[in-house]
Amino acid sequence: MMLGGVSRQRASVIANQRNFPEPIAVLAMGKVWRKSDVEKWIREHRPDVATD
């Protein structure tokens, strides 16, 4: 997982924060985000787990 090995429950909490990027789609299986948006958010808010 891109968020640094957090649990699925914790990832859901992070994704529901106001500063997390908006999903580009909401499907029956869940929300879908643009990878570049999530990577940018990680660099800004979780630099300790950023890979680039």
# chains A, B, ... in the order shown; residues from 1 in each chain; ligands from 1
>>> residues_around(residues="range 35-44 of chain A", least_positions_apart="4", cutoff="10 Å", atoms="only C-alpha atoms", output="ChimeraX atom specification")
/A:2-4,15,19-24,48-52
>>> write_last_selection(atoms="N, CA and C atoms", output="PDB file, in the first residue's frame")
ATOM      1  N   MET A   2       0.477   2.229  -0.686  1.00  0.00           N
ATOM      2  CA  MET A   2       1.258   3.446  -0.837  1.00  0.00           C
ATOM      3  C   MET A   2       1.374   4.250   0.446  1.00  0.00           C
ATOM      4  N   LEU A   3       0.516   4.025   1.394  1.00  0.00           N
ATOM      5  CA  LEU A   3       0.497   4.848   2.606  1.00  0.00           C
ATOM      6  C   LEU A   3       1.440   4.337   3.694  1.00  0.00           C
ATOM      7  N   GLY A   4       2.326   3.452   3.375  1.00  0.00           N
ATOM      8  CA  GLY A   4       3.349   3.041   4.313  1.00  0.00           C
ATOM      9  C   GLY A   4       2.981   1.888   5.212  1.00  0.00           C
ATOM     10  N   ALA A  15      -7.967   8.496   4.087  1.00  0.00           N
ATOM     11  CA  ALA A  15      -8.643   8.880   2.843  1.00  0.00           C
ATOM     12  C   ALA A  15      -9.864   9.764   3.094  1.00  0.00           C
ATOM     13  N   ASN A  19      -8.096  17.010   3.808  1.00  0.00           N
ATOM     14  CA  ASN A  19      -6.987  17.400   2.942  1.00  0.00           C
ATOM     15  C   ASN A  19      -6.549  16.298   1.978  1.00  0.00           C
ATOM     16  N   PHE A  20      -7.175  15.120   2.051  1.00  0.00           N
ATOM     17  CA  PHE A  20      -6.835  14.034   1.126  1.00  0.00           C
ATOM     18  C   PHE A  20      -7.478  14.323  -0.226  1.00  0.00           C
ATOM     19  N   PRO A  21      -6.805  13.976  -1.324  1.00  0.00           N
ATOM     20  CA  PRO A  21      -7.380  14.250  -2.659  1.00  0.00           C
ATOM     21  C   PRO A  21      -8.767  13.627  -2.846  1.00  0.00           C
ATOM     22  N   GLU A  22      -9.563  14.292  -3.639  1.00  0.00           N
ATOM     23  CA  GLU A  22     -10.882  13.755  -3.985  1.00  0.00           C
ATOM     24  C   GLU A  22     -10.695  12.563  -4.921  1.00  0.00           C
ATOM     25  N   PRO A  23     -11.503  11.527  -4.765  1.00  0.00           N
ATOM     26  CA  PRO A  23     -11.411  10.400  -5.700  1.00  0.00           C
ATOM     27  C   PRO A  23     -11.871  10.827  -7.092  1.00  0.00           C
ATOM     28  N   ILE A  24     -11.323  10.180  -8.105  1.00  0.00           N
ATOM     29  CA  ILE A  24     -11.744  10.489  -9.478  1.00  0.00           C
ATOM     30  C   ILE A  24     -12.983   9.693  -9.859  1.00  0.00           C
ATOM     31  N   ASP A  48       7.848  10.727   5.495  1.00  0.00           N
ATOM     32  CA  ASP A  48       8.602   9.597   6.020  1.00  0.00           C
ATOM     33  C   ASP A  48       8.339   8.310   5.246  1.00  0.00           C
ATOM     34  N   VAL A  49       7.231   8.224   4.486  1.00  0.00           N
ATOM     35  CA  VAL A  49       6.944   7.029   3.698  1.00  0.00           C
ATOM     36  C   VAL A  49       7.004   7.277   2.189  1.00  0.00           C
ATOM     37  N   ALA A  50       7.331   8.518   1.799  1.00  0.00           N
ATOM     38  CA  ALA A  50       7.437   8.835   0.369  1.00  0.00           C
ATOM     39  C   ALA A  50       8.587   8.050  -0.237  1.00  0.00           C
ATOM     40  N   THR A  51       8.376   7.528  -1.453  1.00  0.00           N
ATOM     41  CA  THR A  51       9.382   6.685  -2.083  1.00  0.00           C
ATOM     42  C   THR A  51      10.210   7.411  -3.130  1.00  0.00           C
ATOM     43  N   ASP A  52       9.850   8.634  -3.486  1.00  0.00           N
ATOM     44  CA  ASP A  52      10.644   9.320  -4.521  1.00  0.00           C
ATOM     45  C   ASP A  52      11.326  10.544  -3.996  1.00  0.00           C
TER      46      ASP A  52
END
>>> select_by_dssp(residues="chain A", states="alpha helix (DSSP H)", output="PyMOL selection string")
chain A and resi 8-15+35-45
>>> decode(residues="range 2-41 of chain A", atoms="N, CA and C atoms", output="compact mmCIF listing (two decimals), in the first residue's frame")
# COMPACT_ATOMS: atom_id res chain seq x y z
N MET A 2 0.48 2.23 -0.69
CA MET A 2 1.26 3.45 -0.84
C MET A 2 1.37 4.25 0.45
N LEU A 3 0.52 4.03 1.39
CA LEU A 3 0.50 4.85 2.61
C LEU A 3 1.44 4.34 3.69
N GLY A 4 2.33 3.45 3.37
CA GLY A 4 3.35 3.04 4.31
C GLY A 4 2.98 1.89 5.21
N GLY A 5 2.26 0.92 4.70
CA GLY A 5 1.97 -0.28 5.47
C GLY A 5 0.91 -0.10 6.55
N VAL A 6 0.06 0.90 6.42
CA VAL A 6 -1.00 1.08 7.41
C VAL A 6 -2.11 0.06 7.15
N SER A 7 -2.92 -0.18 8.17
CA SER A 7 -4.02 -1.12 8.01
C SER A 7 -5.07 -0.55 7.06
N ARG A 8 -5.91 -1.41 6.58
CA ARG A 8 -7.00 -0.99 5.70
C ARG A 8 -7.92 0.01 6.40
N GLN A 9 -8.16 -0.23 7.68
CA GLN A 9 -9.00 0.68 8.46
C GLN A 9 -8.34 2.05 8.59
N ARG A 10 -7.04 2.07 8.86
CA ARG A 10 -6.32 3.35 8.99
C ARG A 10 -6.28 4.06 7.64
N ALA A 11 -6.11 3.33 6.54
CA ALA A 11 -6.11 3.93 5.21
C ALA A 11 -7.45 4.60 4.94
N SER A 12 -8.53 3.99 5.39
CA SER A 12 -9.85 4.58 5.22
C SER A 12 -9.97 5.89 6.00
N VAL A 13 -9.43 5.90 7.20
CA VAL A 13 -9.45 7.13 8.02
C VAL A 13 -8.66 8.23 7.31
N ILE A 14 -7.48 7.88 6.80
CA ILE A 14 -6.64 8.87 6.10
C ILE A 14 -7.37 9.39 4.86
N ALA A 15 -7.97 8.50 4.09
CA ALA A 15 -8.64 8.88 2.84
C ALA A 15 -9.86 9.76 3.09
N ASN A 16 -10.40 9.72 4.30
CA ASN A 16 -11.57 10.54 4.61
C ASN A 16 -11.21 11.89 5.21
N GLN A 17 -9.92 12.19 5.35
CA GLN A 17 -9.51 13.50 5.84
C GLN A 17 -9.83 14.56 4.79
N ARG A 18 -10.12 15.75 5.27
CA ARG A 18 -10.47 16.84 4.34
C ARG A 18 -9.35 17.19 3.39
N ASN A 19 -8.10 17.01 3.81
CA ASN A 19 -6.99 17.40 2.94
C ASN A 19 -6.55 16.30 1.98
N PHE A 20 -7.17 15.12 2.05
CA PHE A 20 -6.83 14.03 1.13
C PHE A 20 -7.48 14.32 -0.23
N PRO A 21 -6.80 13.98 -1.32
CA PRO A 21 -7.38 14.25 -2.66
C PRO A 21 -8.77 13.63 -2.85
N GLU A 22 -9.56 14.29 -3.64
CA GLU A 22 -10.88 13.76 -3.99
C GLU A 22 -10.70 12.56 -4.92
N PRO A 23 -11.50 11.53 -4.76
CA PRO A 23 -11.41 10.40 -5.70
C PRO A 23 -11.87 10.83 -7.09
N ILE A 24 -11.32 10.18 -8.10
CA ILE A 24 -11.74 10.49 -9.48
C ILE A 24 -12.98 9.69 -9.86
N ALA A 25 -13.27 8.64 -9.08
CA ALA A 25 -14.47 7.83 -9.33
C ALA A 25 -14.85 7.10 -8.04
N VAL A 26 -16.13 6.82 -7.93
CA VAL A 26 -16.62 6.00 -6.83
C VAL A 26 -17.36 4.82 -7.46
N LEU A 27 -16.77 3.64 -7.31
CA LEU A 27 -17.33 2.43 -7.90
C LEU A 27 -17.98 1.59 -6.82
N ALA A 28 -18.67 0.56 -7.21
CA ALA A 28 -19.29 -0.35 -6.25
C ALA A 28 -18.24 -0.95 -5.31
N MET A 29 -17.03 -1.17 -5.82
CA MET A 29 -15.97 -1.77 -5.02
C MET A 29 -15.22 -0.76 -4.15
N GLY A 30 -15.47 0.52 -4.37
CA GLY A 30 -14.82 1.55 -3.56
C GLY A 30 -14.39 2.75 -4.38
N LYS A 31 -13.66 3.64 -3.72
CA LYS A 31 -13.21 4.87 -4.36
C LYS A 31 -11.92 4.62 -5.14
N VAL A 32 -11.73 5.44 -6.19
CA VAL A 32 -10.54 5.33 -7.04
C VAL A 32 -9.88 6.71 -7.08
N TRP A 33 -8.55 6.73 -6.81
CA TRP A 33 -7.80 7.97 -6.84
C TRP A 33 -6.78 7.94 -7.95
N ARG A 34 -6.42 9.11 -8.45
CA ARG A 34 -5.33 9.23 -9.41
C ARG A 34 -4.04 9.02 -8.63
N LYS A 35 -3.19 8.13 -9.10
CA LYS A 35 -1.94 7.80 -8.41
C LYS A 35 -1.10 9.05 -8.15
N SER A 36 -1.00 9.92 -9.12
CA SER A 36 -0.18 11.13 -8.95
C SER A 36 -0.71 12.03 -7.84
N ASP A 37 -2.03 12.08 -7.67
CA ASP A 37 -2.62 12.88 -6.59
C ASP A 37 -2.25 12.31 -5.23
N VAL A 38 -2.31 10.98 -5.11
CA VAL A 38 -1.98 10.33 -3.84
C VAL A 38 -0.49 10.48 -3.55
N GLU A 39 0.36 10.32 -4.57
CA GLU A 39 1.79 10.47 -4.38
C GLU A 39 2.14 11.88 -3.91
N LYS A 40 1.49 12.88 -4.48
CA LYS A 40 1.72 14.27 -4.06
C LYS A 40 1.29 14.46 -2.61
N TRP A 41 0.14 13.91 -2.25
CA TRP A 41 -0.34 14.02 -0.87
C TRP A 41 0.65 13.37 0.09
